[in-house]
Every structure is written in C-alpha cells, then in structure tokens.
file upload35.txt (compact mmCIF, C-alpha atoms)
# COMPACT_ATOMS: atom_id res chain seq x y z
CA MET A 252 -126.16 96.43 -181.12
CA SER A 253 -123.54 96.07 -183.89
CA GLN A 254 -120.79 95.17 -181.40
CA THR A 255 -120.55 91.98 -179.43
CA LEU A 256 -121.19 92.09 -175.72
CA SER A 257 -117.48 91.59 -174.96
CA GLN A 258 -116.45 94.41 -177.30
CA PHE A 259 -119.06 96.71 -175.80
CA PHE A 260 -117.83 95.84 -172.29
CA GLN A 261 -114.21 96.43 -173.34
CA GLN A 262 -115.13 99.89 -174.64
CA ALA A 263 -116.95 100.71 -171.39
CA LEU A 264 -113.98 99.61 -169.26
CA GLN A 265 -111.67 101.78 -171.34
CA GLY A 266 -113.85 104.74 -170.42
CA VAL A 267 -113.63 103.72 -166.75
CA TYR A 268 -109.83 103.60 -166.93
CA GLN A 269 -109.56 106.93 -168.76
CA SER A 270 -111.87 108.74 -166.35
CA SER A 271 -109.93 107.45 -163.33
CA ASN A 272 -106.93 109.57 -164.40
CA LEU A 273 -108.92 112.78 -164.97
CA SER A 274 -110.36 115.44 -162.69
CA THR A 275 -114.03 115.03 -161.81
CA ALA A 276 -114.50 118.80 -161.99
CA ASP A 277 -113.92 118.81 -165.77
CA ASP A 278 -117.02 118.73 -167.97
CA LYS A 279 -115.34 116.33 -170.43
CA THR A 280 -114.63 113.92 -167.60
CA GLN A 281 -118.25 114.03 -166.47
CA SER A 282 -119.41 113.35 -170.02
CA LEU A 283 -117.11 110.31 -170.18
CA VAL A 284 -118.26 109.11 -166.74
CA LYS A 285 -121.94 109.33 -167.63
CA LYS A 286 -121.38 107.63 -170.98
CA SER A 287 -119.44 104.78 -169.35
CA LEU A 288 -122.05 104.41 -166.61
CA SER A 289 -124.85 104.24 -169.17
CA SER A 290 -122.93 101.60 -171.13
CA LEU A 291 -122.33 99.53 -167.98
CA ASN A 292 -126.03 99.65 -167.06
CA THR A 293 -126.92 98.47 -170.57
CA ILE A 294 -124.46 95.60 -170.30
CA VAL A 295 -125.95 94.58 -166.93
CA SER A 296 -129.40 94.34 -168.47
CA HIS A 297 -128.03 92.15 -171.28
CA VAL A 298 -126.16 89.90 -168.83
CA GLU A 299 -129.30 89.46 -166.74
CA SER A 300 -131.37 88.68 -169.81
CA LEU A 301 -128.84 86.07 -170.95
CA SER A 302 -128.65 84.52 -167.43
CA LEU A 303 -124.89 84.19 -167.56
CA PHE A 304 -124.65 83.59 -163.80
CA SER A 305 -126.57 81.22 -161.59
CA GLU A 306 -126.62 80.56 -157.85
CA ASN A 307 -126.16 76.85 -158.48
CA GLU A 308 -122.85 77.30 -160.31
CA GLU A 309 -119.35 77.31 -158.89
CA LEU A 310 -116.30 79.19 -160.02
CA ARG A 311 -114.97 76.32 -162.11
CA ASP A 312 -118.29 76.14 -163.99
CA LEU A 313 -117.88 79.70 -165.31
CA SER A 314 -116.13 80.11 -168.63
CA THR A 315 -113.21 82.51 -168.87
CA GLY A 316 -115.21 84.72 -171.24
CA ASN A 317 -118.05 85.11 -168.74
CA LEU A 318 -115.74 85.50 -165.76
CA ARG A 319 -114.84 89.04 -166.77
CA PHE A 320 -118.45 90.19 -166.41
CA LEU A 321 -118.13 89.80 -162.63
CA LEU A 322 -116.39 93.21 -162.77
CA LEU A 323 -119.59 95.00 -163.75
CA ASP A 324 -120.74 95.94 -160.25
CA TYR A 325 -117.27 97.15 -159.25
CA ALA A 326 -117.01 99.39 -162.34
CA ARG A 327 -120.55 100.72 -161.74
CA GLY A 328 -119.71 101.51 -158.11
CA GLU A 329 -116.58 103.37 -159.16
CA MET A 330 -118.43 105.42 -161.77
CA GLU A 331 -121.28 106.26 -159.38
CA GLY A 332 -118.76 107.74 -156.96
CA ARG A 333 -117.17 109.91 -159.69
CA VAL A 334 -120.39 111.60 -160.80
CA ARG A 335 -120.36 115.30 -159.95
CA THR A 336 -123.24 116.38 -157.71
CA GLY A 337 -124.79 119.74 -156.92
CA ASP A 338 -125.85 119.40 -153.28
CA MET A 339 -125.51 117.12 -150.26
CA THR A 340 -128.75 115.27 -150.93
CA GLU A 341 -127.66 114.23 -154.40
CA ARG A 342 -124.19 113.34 -153.14
CA THR A 343 -125.66 111.15 -150.42
CA ALA A 344 -127.83 109.33 -152.95
CA ARG A 345 -124.83 108.71 -155.23
CA LEU A 346 -122.74 107.41 -152.34
CA ASN A 347 -125.47 105.01 -151.24
CA THR A 348 -125.81 103.70 -154.80
CA SER A 349 -122.06 103.28 -155.09
CA LYS A 350 -121.95 101.42 -151.77
CA GLU A 351 -124.73 99.08 -152.94
CA ARG A 352 -122.75 98.29 -156.11
CA TYR A 353 -119.59 97.49 -154.13
CA GLU A 354 -121.49 95.32 -151.66
CA LYS A 355 -123.17 93.41 -154.47
CA PHE A 356 -119.77 92.89 -156.09
CA LEU A 357 -118.35 91.46 -152.86
CA SER A 358 -121.41 89.28 -152.25
CA VAL A 359 -121.13 87.75 -155.75
CA LEU A 360 -117.44 87.03 -155.25
CA LYS A 361 -118.24 85.47 -151.90
CA ALA A 362 -120.94 83.29 -153.48
CA TYR A 363 -118.47 82.00 -156.08
CA LYS A 364 -115.77 81.66 -153.38
CA VAL A 365 -113.38 83.88 -155.31
CA THR A 366 -112.10 85.47 -152.11
CA SER A 367 -112.23 82.35 -149.96
CA GLY A 368 -108.54 81.59 -150.44
CA GLU A 369 -105.50 83.78 -150.00
CA GLY A 370 -106.27 87.50 -150.16
CA ALA A 371 -109.83 87.13 -148.86
CA VAL A 372 -111.43 90.30 -147.49
CA PRO A 373 -114.65 89.65 -145.52
CA LEU A 374 -117.39 92.21 -146.00
CA ALA A 375 -117.59 92.90 -142.24
CA GLU A 376 -113.99 94.18 -142.19
CA SER A 377 -114.63 96.64 -144.97
CA SER A 378 -116.95 98.76 -142.84
CA SER A 379 -115.30 101.35 -140.62
CA ALA A 380 -118.12 101.33 -138.02
CA ARG A 381 -116.47 98.71 -135.84
CA LEU A 382 -113.00 100.19 -136.10
CA ARG A 383 -113.95 103.86 -135.85
CA GLN A 384 -113.90 103.87 -132.05
CA ASP A 385 -110.47 102.20 -131.82
CA PRO A 386 -107.73 104.10 -133.69
CA ALA A 387 -105.08 101.46 -132.93
CA LYS A 388 -107.11 98.67 -134.51
CA ARG A 389 -107.98 100.89 -137.46
CA ARG A 390 -104.30 101.59 -138.00
CA GLU A 391 -103.41 97.88 -137.81
CA ALA A 392 -106.17 97.09 -140.30
CA LYS A 393 -104.89 99.70 -142.73
CA ILE A 394 -101.33 98.40 -142.47
CA ALA A 395 -102.46 94.82 -143.06
CA GLN A 396 -104.57 95.89 -146.03
CA PHE A 397 -101.67 97.88 -147.50
CA LYS A 398 -99.34 94.88 -147.29
CA ARG A 399 -102.00 92.62 -148.80
CA GLU A 400 -102.63 95.01 -151.69
CA LYS A 401 -98.89 95.35 -152.33
CA GLU A 402 -98.47 91.56 -152.64
CA MET A 403 -101.53 91.23 -154.87
CA ARG A 404 -100.43 94.09 -157.11
CA LEU A 405 -97.04 92.45 -157.57
CA LYS A 406 -98.76 89.20 -158.53
CA LEU A 407 -100.98 91.06 -160.99
CA ASP A 408 -98.00 92.79 -162.60
CA ASN A 409 -96.25 89.46 -163.13
CA LEU A 410 -99.33 87.90 -164.73
CA LYS A 411 -100.06 91.00 -166.80
CA SER A 412 -96.53 91.15 -168.23
CA ALA A 413 -97.15 87.78 -169.89
CA LEU A 414 -100.59 88.73 -171.28
CA ALA A 415 -100.20 92.41 -172.22
CA PRO A 416 -96.59 93.61 -171.89
CA ASP A 417 -97.41 96.95 -173.57
CA ALA A 418 -100.20 97.88 -171.11
CA SER A 419 -99.52 100.57 -168.52
CA LEU A 420 -99.08 99.73 -164.85
CA GLU A 421 -102.49 101.11 -163.83
CA ASP A 422 -104.43 99.60 -166.75
CA PHE A 423 -105.78 96.35 -165.31
CA TYR A 424 -108.56 95.93 -167.88
CA SER A 425 -106.61 95.59 -171.16
CA PRO A 426 -105.35 92.03 -170.48
CA LEU A 427 -108.95 90.88 -169.97
CA PHE A 428 -109.58 91.16 -173.70
CA PRO A 429 -106.78 89.44 -175.65
CA SER A 430 -106.50 90.01 -179.37
CA ARG A 431 -108.37 87.76 -181.78
CA LYS A 432 -105.09 86.25 -182.97
CA ALA A 433 -104.02 85.36 -179.43
CA SER A 434 -107.43 83.86 -178.70
CA ASP A 435 -107.32 81.70 -181.82
CA GLU A 436 -103.83 80.47 -180.97
CA ALA A 437 -104.77 79.66 -177.36
CA GLY A 438 -108.09 78.00 -178.21
CA GLU A 439 -111.29 78.01 -176.21
CA ASP A 440 -110.42 74.86 -174.21
CA GLU A 441 -107.08 76.24 -173.17
CA GLU A 442 -108.61 79.58 -172.07
CA ASP A 443 -111.18 77.76 -169.90
CA ASP A 444 -108.44 75.71 -168.30
CA GLU A 445 -108.06 76.61 -164.63
CA GLU A 446 -104.29 76.92 -165.08
CA SER A 447 -104.45 79.23 -168.10
CA PRO A 448 -102.67 82.59 -167.66
CA LEU A 449 -105.78 84.58 -168.65
CA ARG A 450 -108.05 82.85 -166.13
CA SER A 451 -105.42 83.13 -163.40
CA TYR A 452 -105.10 86.83 -164.10
CA MET A 453 -108.88 87.34 -163.96
CA ILE A 454 -109.18 85.61 -160.59
CA ALA A 455 -106.20 87.56 -159.21
CA LEU A 456 -107.75 90.81 -160.48
CA LEU A 457 -111.10 89.99 -158.84
CA GLN A 458 -109.35 89.33 -155.52
CA PHE A 459 -107.41 92.60 -155.79
CA LEU A 460 -110.53 94.60 -156.65
CA ALA A 461 -112.28 93.00 -153.68
CA THR A 462 -109.76 94.68 -151.38
CA GLN A 463 -110.30 97.96 -153.25
CA ALA A 464 -114.08 97.63 -152.91
CA ALA A 465 -113.81 96.95 -149.18
CA SER A 466 -111.64 100.05 -148.77
CA GLN A 467 -114.07 102.14 -150.82
CA ILE A 468 -116.98 101.02 -148.65
CA GLY A 469 -115.11 102.20 -145.56
CA SER A 470 -114.42 105.59 -147.18
CA ILE A 471 -118.06 105.91 -148.23
CA ASP A 472 -119.24 105.17 -144.68
CA MET A 473 -117.02 107.93 -143.29
CA GLU A 474 -118.20 110.43 -145.93
CA LEU A 475 -121.83 109.55 -145.27
CA ASP A 476 -121.24 110.08 -141.56
CA LEU A 477 -119.79 113.53 -142.26
CA LEU A 478 -122.70 114.43 -144.53
CA SER A 479 -125.20 113.35 -141.90
CA ARG A 480 -123.55 115.67 -139.35
CA ALA A 481 -123.32 118.65 -141.71
CA PRO A 482 -125.78 121.52 -141.21
CA PRO A 483 -128.68 121.59 -143.67
CA GLU A 484 -128.24 123.70 -146.74
CA PRO A 485 -130.38 126.86 -146.91
CA PRO A 486 -133.19 126.79 -149.48
CA ARG A 487 -132.24 128.38 -152.74
CA ASP A 488 -135.36 130.58 -152.96
CA SER A 489 -136.29 131.47 -149.39
CA GLN A 490 -138.66 134.18 -148.23
CA ALA A 491 -135.77 136.26 -146.90
CA ASP A 492 -134.16 136.32 -150.34
CA ALA A 493 -137.47 137.32 -151.88
CA ARG A 494 -137.86 140.23 -149.44
CA ALA A 495 -134.28 141.34 -150.10
CA ARG A 496 -134.93 141.38 -153.83
CA GLU A 497 -138.09 143.41 -153.31
CA ARG A 498 -136.20 145.99 -151.24
CA GLU A 499 -133.47 146.17 -153.87
CA GLU A 500 -135.95 146.71 -156.66
CA ALA A 501 -137.77 149.36 -154.62
CA SER A 502 -134.52 151.18 -153.86
CA ARG A 503 -133.66 151.27 -157.54
CA GLY A 504 -136.96 152.93 -158.37
CA ASP A 505 -137.10 155.51 -155.56
CA ALA A 506 -133.99 156.29 -153.47
CA SER A 507 -135.24 159.54 -151.94
CA TRP A 508 -135.78 157.86 -148.55
CA ARG A 509 -132.02 157.07 -148.17
CA LEU A 510 -130.08 159.41 -145.84
CA ASP A 511 -126.90 159.04 -147.89
CA ASN A 512 -128.69 159.66 -151.16
CA VAL A 513 -126.54 161.39 -153.81
CA GLN A 514 -128.31 163.28 -156.56
CA PRO A 515 -127.03 162.48 -160.05
CA GLY A 516 -124.91 165.04 -161.85
CA GLY A 517 -121.42 166.40 -161.59
CA PRO A 518 -118.39 165.62 -163.78
CA ASP A 519 -118.45 161.87 -162.96
CA GLY A 520 -122.22 161.39 -162.72
CA ARG A 521 -122.12 160.83 -158.95
CA GLY A 522 -123.45 164.25 -157.91
CA SER A 523 -122.16 167.78 -157.53
CA LEU A 524 -118.76 168.43 -155.97
CA MET A 525 -119.78 171.66 -154.16
CA ASP A 526 -122.98 173.31 -153.12
CA SER A 527 -124.13 176.80 -154.11
CA SER A 528 -122.05 178.43 -151.33
CA GLY A 529 -118.81 176.67 -152.41
CA ARG A 530 -118.73 174.11 -149.61
CA PRO A 531 -117.35 170.69 -150.75
CA LEU A 532 -119.94 167.95 -150.67
CA ARG A 533 -117.52 165.01 -151.12
CA PRO A 534 -113.76 164.43 -151.52
CA PHE A 535 -112.21 165.09 -154.91
CA VAL A 536 -108.75 165.41 -156.48
CA ILE A 537 -107.69 168.26 -158.75
CA LEU A 538 -105.82 166.93 -161.80
CA PRO A 539 -103.92 168.75 -164.57
CA SER A 540 -106.18 170.30 -167.15
CA THR A 541 -104.15 169.43 -170.28
CA GLN A 542 -101.91 166.63 -171.43
CA ALA A 543 -99.01 169.05 -171.91
CA ALA A 544 -99.04 169.93 -168.23
CA GLU A 545 -99.08 166.24 -167.32
CA ARG A 546 -96.02 165.58 -169.53
CA GLN A 547 -94.17 168.50 -167.97
CA ARG A 548 -94.95 167.18 -164.49
CA LEU A 549 -93.67 163.71 -165.33
CA GLN A 550 -90.57 165.12 -167.00
CA ALA A 551 -89.76 167.23 -163.96
CA GLU A 552 -89.77 164.10 -161.78
CA VAL A 553 -86.99 162.50 -163.87
CA PHE A 554 -83.31 163.14 -163.05
CA ARG A 555 -83.79 165.25 -159.98
CA ALA A 556 -81.01 166.53 -157.74
CA GLY A 557 -80.73 163.20 -155.99
CA HIS A 558 -80.04 161.23 -159.18
CA ARG A 559 -76.42 160.24 -159.97
CA LEU A 560 -75.66 160.23 -163.68
CA PRO A 561 -72.61 158.45 -165.20
CA THR A 562 -69.50 160.62 -165.80
CA MET A 563 -67.50 158.22 -168.02
CA THR A 564 -67.97 155.25 -170.28
CA ILE A 565 -67.15 151.67 -169.34
CA ASP A 566 -64.01 151.66 -171.52
CA GLN A 567 -62.74 154.83 -169.84
CA TYR A 568 -63.37 153.27 -166.43
CA LEU A 569 -61.40 150.13 -167.34
CA GLU A 570 -58.48 152.17 -168.66
CA GLU A 571 -58.42 154.18 -165.42
CA GLU A 572 -58.44 151.03 -163.29
CA ALA A 573 -55.67 149.46 -165.36
CA ALA A 574 -53.54 152.56 -164.91
CA ARG A 575 -54.03 152.29 -161.15
CA GLY A 576 -52.92 148.64 -161.21
CA ASN A 577 -56.26 147.26 -160.05
CA ILE A 578 -56.59 144.84 -162.99
CA ILE A 579 -54.54 141.65 -162.87
CA SER A 580 -53.28 140.49 -166.25
CA GLY A 581 -51.66 137.25 -167.30
CA GLY A 582 -52.26 133.83 -165.82
CA GLY A 583 -53.79 130.90 -167.56
CA ALA A 584 -52.11 128.24 -169.68
CA ALA A 585 -49.67 130.69 -171.33
CA SER A 586 -48.36 131.86 -167.96
CA TYR A 587 -48.00 128.25 -166.76
CA GLU A 588 -45.94 127.24 -169.81
CA ALA A 589 -43.69 130.35 -169.69
CA PRO A 590 -40.12 129.70 -168.30
CA THR A 591 -39.24 130.85 -164.79
CA SER A 592 -36.49 133.35 -163.93
CA LYS A 593 -33.99 130.57 -163.17
CA GLU A 594 -34.84 128.75 -166.38
CA THR A 595 -34.37 131.99 -168.34
CA LEU A 596 -31.00 132.58 -166.66
CA GLN A 597 -29.89 129.03 -167.45
CA LEU A 598 -30.83 129.43 -171.12
CA ALA A 599 -28.86 132.68 -171.28
CA THR A 600 -25.66 130.98 -169.93
CA GLU A 601 -25.85 128.38 -172.71
CA GLN A 602 -25.20 131.04 -175.39
CA ASP A 603 -21.41 130.66 -175.53
CA GLY A 604 -19.24 133.48 -176.80
CA THR A 605 -21.71 136.26 -176.16
CA LEU A 606 -21.62 139.09 -173.67
CA ALA A 607 -25.11 138.20 -172.43
CA ALA A 608 -23.90 134.67 -171.66
CA GLU A 609 -20.96 135.94 -169.63
CA GLU A 610 -23.20 138.30 -167.66
CA ALA A 611 -25.69 135.49 -167.04
CA GLN A 612 -22.90 133.17 -165.84
CA GLU A 613 -21.59 135.84 -163.49
CA LYS A 614 -25.09 136.44 -162.10
CA GLN A 615 -25.63 132.72 -161.66
CA ARG A 616 -22.25 132.42 -159.82
CA GLN A 617 -23.14 135.26 -157.46
CA GLU A 618 -26.51 133.72 -156.64
CA SER A 619 -24.83 130.39 -155.90
CA GLU A 620 -22.26 132.04 -153.60
CA GLU A 621 -24.97 134.01 -151.79
CA TRP A 622 -26.98 130.83 -151.25
CA ALA A 623 -23.91 128.93 -149.96
CA ARG A 624 -23.08 131.77 -147.57
CA PHE A 625 -26.68 131.84 -146.34
CA THR A 626 -26.74 128.12 -145.65
CA GLU A 627 -23.49 128.36 -143.66
CA GLU A 628 -24.59 131.30 -141.54
CA VAL A 629 -28.13 130.14 -140.85
CA ARG A 630 -28.56 126.83 -139.08
CA LYS A 631 -31.19 124.56 -140.59
CA GLY A 632 -34.51 124.91 -138.81
CA SER A 633 -33.52 128.01 -136.86
CA GLY A 634 -36.17 130.08 -138.58
CA ASN A 635 -39.04 127.77 -137.54
CA THR A 636 -40.17 129.12 -134.17
CA MET A 637 -43.69 127.68 -134.37
CA ASN A 638 -44.99 124.87 -132.16
CA ARG A 639 -42.08 125.10 -129.69
CA GLY A 640 -42.55 124.57 -126.00

call {"tool": "encode", "arguments": {"input": "upload35.txt", "output": "structure tokens"}}
result
Amino acid sequence: MSQTLSQFFQQALQGVYQSSNLSTADDKTQSLVKKSLSSLNTIVSHVESLSLFSENEELRDLSTGNLRFLLLDYARGEMEGRVRTGDMTERTARLNTSKERYEKFLSVLKAYKVTSGEGAVPLAESSSARLRQDPAKRREAKIAQFKREKEMRLKLDNLKSALAPDASLEDFYSPLFPSRKASDEAGEDEEDDEESPLRSYMIALLQFLATQAASQIGSIDMELDLLSRAPPEPPRDSQADARAREREEASRGDASWRLDNVQPGGPDGRGSLMDSSGRPLRPFVILPSTQAAERQRLQAEVFRAGHRLPTMTIDQYLEEEAARGNIISGGGAASYEAPTSKETLQLATEQDGTLAAEEAQEKQRQESEEWARFTEEVRKGSGNTMNRG
C-alpha cells in the first residue's frame, strides 16, 4: 500500500462523508459506498494486525494518532446501512451487520470509558424494546437525546472552528487529519497532550457519535421488527408463473380455441370489418379519403357564424374613445407644476397698462365682492348639518 494507514483512512472517511449527502438509489452512490466499505474493512484488518488497541490500556494510554481509528466500527455500521438491497432477506442481513458494528463501537468506547463522563449514552437505552410499549417514556427519551445532541454539536463546532475553520458544518472528519505543516508546528508531544485541541475534538466527536450510534440501533430495531412482521415475498420463479408462461406460449401458437378469436386481415391487420353479407363485425370510423378533403373540413371549422372578427384597428378604437371623452389626459408632474386659475389671474393683473390686466383686475374685484357677500349672508357652520342631535 503506497499510502500510509492514516492517509488511507482519511480517504475512506471522505467517501463516507460524500455518500451521506447523496441518494442511496443512485448507482454512483452505491459504487462510492461499496468502495468506502471495502477500504474500511481493509483498514480494520491492518489495525488488528498491528494490535493498536489492547484491553489493558486506558484512554490516556492511546496516542492521538491512534485515537481516530476508534471511528472504524461506526463508519462501517453507517456504510452497511446505506448499501442498496434487492429483497427483505438481504436487507435484514445488512441491518443486523450494521447493528453489530454500532454495538461494537459502543462497547469499545465503554471499555475505554470515553462515554463515562458527560454525554454518556448507555447501550441499554439505545434499544427501543424497553420504550416501545410506553410512548410517553419514548418521547421523553427522544427529547433528552435531542437536547444532548444539540449541546454536543455546539461543542464540536467550537472545537472544529479552531482546527479546520474552512470545513463545512456537517464534515466532522476533516479536522481529524491536520495538515503536515500544522502537525510539525504542534509536535507529537503536544498532540498527545490531554489538553490539546485535536485530542479534545476527537474525544468530543466520539461522544457525539456514540449518541448517533445509539439512535441508529433503535431505528434498526424498529425496522427489523417491521421486516419480521411483513408477509413473505413470493418466489421469483414459481410453478404458477411457469404454467402461465406455458399457456401464453400455447396461445401464441394456436388461438383457434379462443371464443373472441379475430382472424388476421383487414385494413389494420386486426381482421375484416364486415362479413360477406355486409354485417359489421367490429366498430370502425369512416375517415376522409384524401388529404384535400381533410384540409377543407378543417378550414370549414374556422371562423364560423359564431366567431366575432375585429371591425377596427386599435388606433381607430383609441381615437373613437378619445372623441367620446373616455380617455383622461394630463396629470403627472407637469400638471402639478402648472399654475392654478387664481395664480393665472394674479399674474394677469400684474401686467400694468394692458387691457388684459384691467379685465383681470375687474374679474378679481368681482370675485372678491361675491365672496364677501357670501360670507355675510351665510353664517359660518350653517351648511354643516352632519352629526347634529
């Protein structure tokens, strides 16, 4: 293998992340899933041959580089569940394998006491068998798990922003493999320090994935229960299907025994339209004999007596409406800036020495007298008869 084990594992986890955002019904997704699953199985065999983990070790004895390989069983369980299956038997086998991977992942974390502190999810709570009969307790468990996952995701995002700020929100695997330059600057001793950001992120990720694995085990149990209650699938090549095929083949060879048998022939190959005496044997429609007749028929259906054709153009219609006074002209900014009738009269009176000015002054005087006479004759407020008791 030309790549190192860490580089090979990083490539496999990238395939896991990419396939999680794709549809399992796509052939390309299935190719990526099977390739990633094969790579993960190869890495597991190498890890077992190197004896990276031991039952006598504790969490602090594991190096930060080896700590990331605890994710192998979780990634294998996720990929097993995303493999497309053809029938219920194959689906059941895949689900059982995926459940075994998740349970092994949780048992390893429990052995290293990764989930013994805050955020611990016991394996017994992950199964839905105990909570299936009590909907209230199942609802409380889901709410508690949702709150726990929300807090752990927030913690992961804060740690990830310091390690890989360019990684997407759902990509939890990129920060596990820092660049060579960052590793050289941090140093091996600093990475193995229990307070290092990379080690803290790995432990937080393992605790978060433990909650995800427990939830997946519960979902798998429910799906397995549904599959066990489903009716058995009919065999693909049963005796009934064989007999049906034999009858179909026999009917193709000799159809004289059928009561509704139609002898070949006629204009459409489905038999004659009439018998020798002129009696119709089956329904038929008489169509025009030539294309010219068909064009004449279609042309006759256009512009019949019920159609209303235009009698004038649009311009003629607008001119007619304008003549009737149905089109309002003016308005806008020009009309707003134009002087009013009183302003025009006042401007005309300012032209001294002209006849138009004298006429404007006389008109203005008459309007003033009429207004003064009106105000004297009509008491103020006498015209308002509304809202009176």

call {"tool": "atom_distance", "arguments": {"input": "upload35.txt", "atom1": "atom CA of A:Gln261", "atom2": "atom CA of A:Leu323"}}
result
11.1 Å

call {"tool": "residues_around", "arguments": {"input": "upload35.txt", "residues": "stretch 392-406 of chain A", "least_positions_apart": "2", "cutoff": "9 Å", "atoms": "all atoms listed in the file", "output": "ChimeraX atom specification"}}
result
/A:370,372,376,382,387-390,408-411,452,455-456,458-459,462-463,466

call {"tool": "write_last_selection", "arguments": {"input": "upload35.txt", "atoms": "C-alpha atoms", "output": "mmCIF file, in the frame of the given file"}}
result
data_model
loop_
_atom_site.group_PDB
_atom_site.id
_atom_site.type_symbol
_atom_site.label_atom_id
_atom_site.label_comp_id
_atom_site.auth_asym_id
_atom_site.auth_seq_id
_atom_site.Cartn_x
_atom_site.Cartn_y
_atom_site.Cartn_z
ATOM 1 C CA GLY A 370 -106.270 87.500 -150.160
ATOM 2 C CA VAL A 372 -111.430 90.300 -147.490
ATOM 3 C CA GLU A 376 -113.990 94.180 -142.190
ATOM 4 C CA LEU A 382 -113.000 100.190 -136.100
ATOM 5 C CA ALA A 387 -105.080 101.460 -132.930
ATOM 6 C CA LYS A 388 -107.110 98.670 -134.510
ATOM 7 C CA ARG A 389 -107.980 100.890 -137.460
ATOM 8 C CA ARG A 390 -104.300 101.590 -138.000
ATOM 9 C CA ASP A 408 -98.000 92.790 -162.600
ATOM 10 C CA ASN A 409 -96.250 89.460 -163.130
ATOM 11 C CA LEU A 410 -99.330 87.900 -164.730
ATOM 12 C CA LYS A 411 -100.060 91.000 -166.800
ATOM 13 C CA TYR A 452 -105.100 86.830 -164.100
ATOM 14 C CA ALA A 455 -106.200 87.560 -159.210
ATOM 15 C CA LEU A 456 -107.750 90.810 -160.480
ATOM 16 C CA GLN A 458 -109.350 89.330 -155.520
ATOM 17 C CA PHE A 459 -107.410 92.600 -155.790
ATOM 18 C CA THR A 462 -109.760 94.680 -151.380
ATOM 19 C CA GLN A 463 -110.300 97.960 -153.250
ATOM 20 C CA SER A 466 -111.640 100.050 -148.770
#

call {"tool": "atom_distance", "arguments": {"input": "upload35.txt", "atom1": "atom CA of A:Pro386", "atom2": "atom CA of A:Ser479"}}
result
21.4 Å

call {"tool": "atom_distance", "arguments": {"input": "upload35.txt", "atom1": "atom CA of A:Asn292", "atom2": "atom CA of A:Gln262"}}
result
13.3 Å

call {"tool": "residues_around", "arguments": {"input": "upload35.txt", "residues": "A:Ala481", "least_positions_apart": "4", "cutoff": "9 Å", "atoms": "only C-alpha atoms", "output": "count of residues only"}}
result
3

call {"tool": "residues_around", "arguments": {"input": "upload35.txt", "residues": "A:Pro534", "least_positions_apart": "3", "cutoff": "10 Å", "atoms": "all atoms listed in the file", "output": "list in words"}}
result
Leu524, Met525 and Pro531 of chain A

call {"tool": "closest_residue", "arguments": {"input": "upload35.txt", "among": "A:Ala589, A:Ala276, A:Val629, A:Leu318", "to": "A:Leu303", "atoms": "all atoms listed in the file"}}
result
A:Leu318

call {"tool": "decode", "arguments": {"input": "upload35.txt", "residues": "stretch 463-482 of chain A", "atoms": "N, CA and C atoms", "output": "PDB file, in the first residue's frame"}}
result
ATOM      1  N   GLN A 463     -25.280   9.123  18.283  1.00  0.00           N
ATOM      2  CA  GLN A 463     -25.808   8.788  16.962  1.00  0.00           C
ATOM      3  C   GLN A 463     -25.924   7.270  16.785  1.00  0.00           C
ATOM      4  N   ALA A 464     -24.923   6.541  17.270  1.00  0.00           N
ATOM      5  CA  ALA A 464     -24.969   5.075  17.153  1.00  0.00           C
ATOM      6  C   ALA A 464     -26.113   4.488  17.964  1.00  0.00           C
ATOM      7  N   ALA A 465     -26.332   5.031  19.173  1.00  0.00           N
ATOM      8  CA  ALA A 465     -27.446   4.537  19.985  1.00  0.00           C
ATOM      9  C   ALA A 465     -28.783   4.793  19.298  1.00  0.00           C
ATOM     10  N   SER A 466     -28.912   5.972  18.671  1.00  0.00           N
ATOM     11  CA  SER A 466     -30.151   6.270  17.945  1.00  0.00           C
ATOM     12  C   SER A 466     -30.320   5.368  16.734  1.00  0.00           C
ATOM     13  N   GLN A 467     -29.213   5.080  16.035  1.00  0.00           N
ATOM     14  CA  GLN A 467     -29.295   4.202  14.864  1.00  0.00           C
ATOM     15  C   GLN A 467     -29.682   2.784  15.264  1.00  0.00           C
ATOM     16  N   ILE A 468     -29.201   2.321  16.407  1.00  0.00           N
ATOM     17  CA  ILE A 468     -29.569   0.976  16.865  1.00  0.00           C
ATOM     18  C   ILE A 468     -31.072   0.905  17.130  1.00  0.00           C
ATOM     19  N   GLY A 469     -31.625   1.951  17.739  1.00  0.00           N
ATOM     20  CA  GLY A 469     -33.071   1.970  17.953  1.00  0.00           C
ATOM     21  C   GLY A 469     -33.843   1.953  16.654  1.00  0.00           C
ATOM     22  N   SER A 470     -33.385   2.713  15.648  1.00  0.00           N
ATOM     23  CA  SER A 470     -34.070   2.713  14.351  1.00  0.00           C
ATOM     24  C   SER A 470     -33.956   1.356  13.666  1.00  0.00           C
ATOM     25  N   ILE A 471     -32.792   0.720  13.793  1.00  0.00           N
ATOM     26  CA  ILE A 471     -32.607  -0.599  13.182  1.00  0.00           C
ATOM     27  C   ILE A 471     -33.528  -1.620  13.837  1.00  0.00           C
ATOM     28  N   ASP A 472     -33.668  -1.557  15.156  1.00  0.00           N
ATOM     29  CA  ASP A 472     -34.565  -2.497  15.847  1.00  0.00           C
ATOM     30  C   ASP A 472     -35.998  -2.349  15.355  1.00  0.00           C
ATOM     31  N   MET A 473     -36.455  -1.114  15.169  1.00  0.00           N
ATOM     32  CA  MET A 473     -37.821  -0.914  14.683  1.00  0.00           C
ATOM     33  C   MET A 473     -37.983  -1.423  13.255  1.00  0.00           C
ATOM     34  N   GLU A 474     -36.966  -1.180  12.396  1.00  0.00           N
ATOM     35  CA  GLU A 474     -37.068  -1.669  11.014  1.00  0.00           C
ATOM     36  C   GLU A 474     -37.030  -3.189  10.963  1.00  0.00           C
ATOM     37  N   LEU A 475     -36.192  -3.805  11.803  1.00  0.00           N
ATOM     38  CA  LEU A 475     -36.162  -5.263  11.847  1.00  0.00           C
ATOM     39  C   LEU A 475     -37.486  -5.838  12.323  1.00  0.00           C
ATOM     40  N   ASP A 476     -38.129  -5.136  13.259  1.00  0.00           N
ATOM     41  CA  ASP A 476     -39.437  -5.597  13.739  1.00  0.00           C
ATOM     42  C   ASP A 476     -40.478  -5.526  12.621  1.00  0.00           C
ATOM     43  N   LEU A 477     -40.423  -4.453  11.813  1.00  0.00           N
ATOM     44  CA  LEU A 477     -41.355  -4.338  10.693  1.00  0.00           C
ATOM     45  C   LEU A 477     -41.086  -5.413   9.645  1.00  0.00           C
ATOM     46  N   LEU A 478     -39.811  -5.681   9.377  1.00  0.00           N
ATOM     47  CA  LEU A 478     -39.487  -6.707   8.386  1.00  0.00           C
ATOM     48  C   LEU A 478     -39.908  -8.097   8.844  1.00  0.00           C
ATOM     49  N   SER A 479     -39.818  -8.336  10.149  1.00  0.00           N
ATOM     50  CA  SER A 479     -40.238  -9.645  10.657  1.00  0.00           C
ATOM     51  C   SER A 479     -41.742  -9.844  10.571  1.00  0.00           C
ATOM     52  N   ARG A 480     -42.509  -8.749  10.608  1.00  0.00           N
ATOM     53  CA  ARG A 480     -43.969  -8.842  10.513  1.00  0.00           C
ATOM     54  C   ARG A 480     -44.474  -8.783   9.073  1.00  0.00           C
ATOM     55  N   ALA A 481     -43.605  -8.458   8.121  1.00  0.00           N
ATOM     56  CA  ALA A 481     -44.044  -8.339   6.730  1.00  0.00           C
ATOM     57  C   ALA A 481     -44.333  -9.709   6.146  1.00  0.00           C
ATOM     58  N   PRO A 482     -45.296  -9.796   5.230  1.00  0.00           N
ATOM     59  CA  PRO A 482     -45.591 -11.094   4.596  1.00  0.00           C
ATOM     60  C   PRO A 482     -44.416 -11.554   3.746  1.00  0.00           C
TER      61      PRO A 482
END
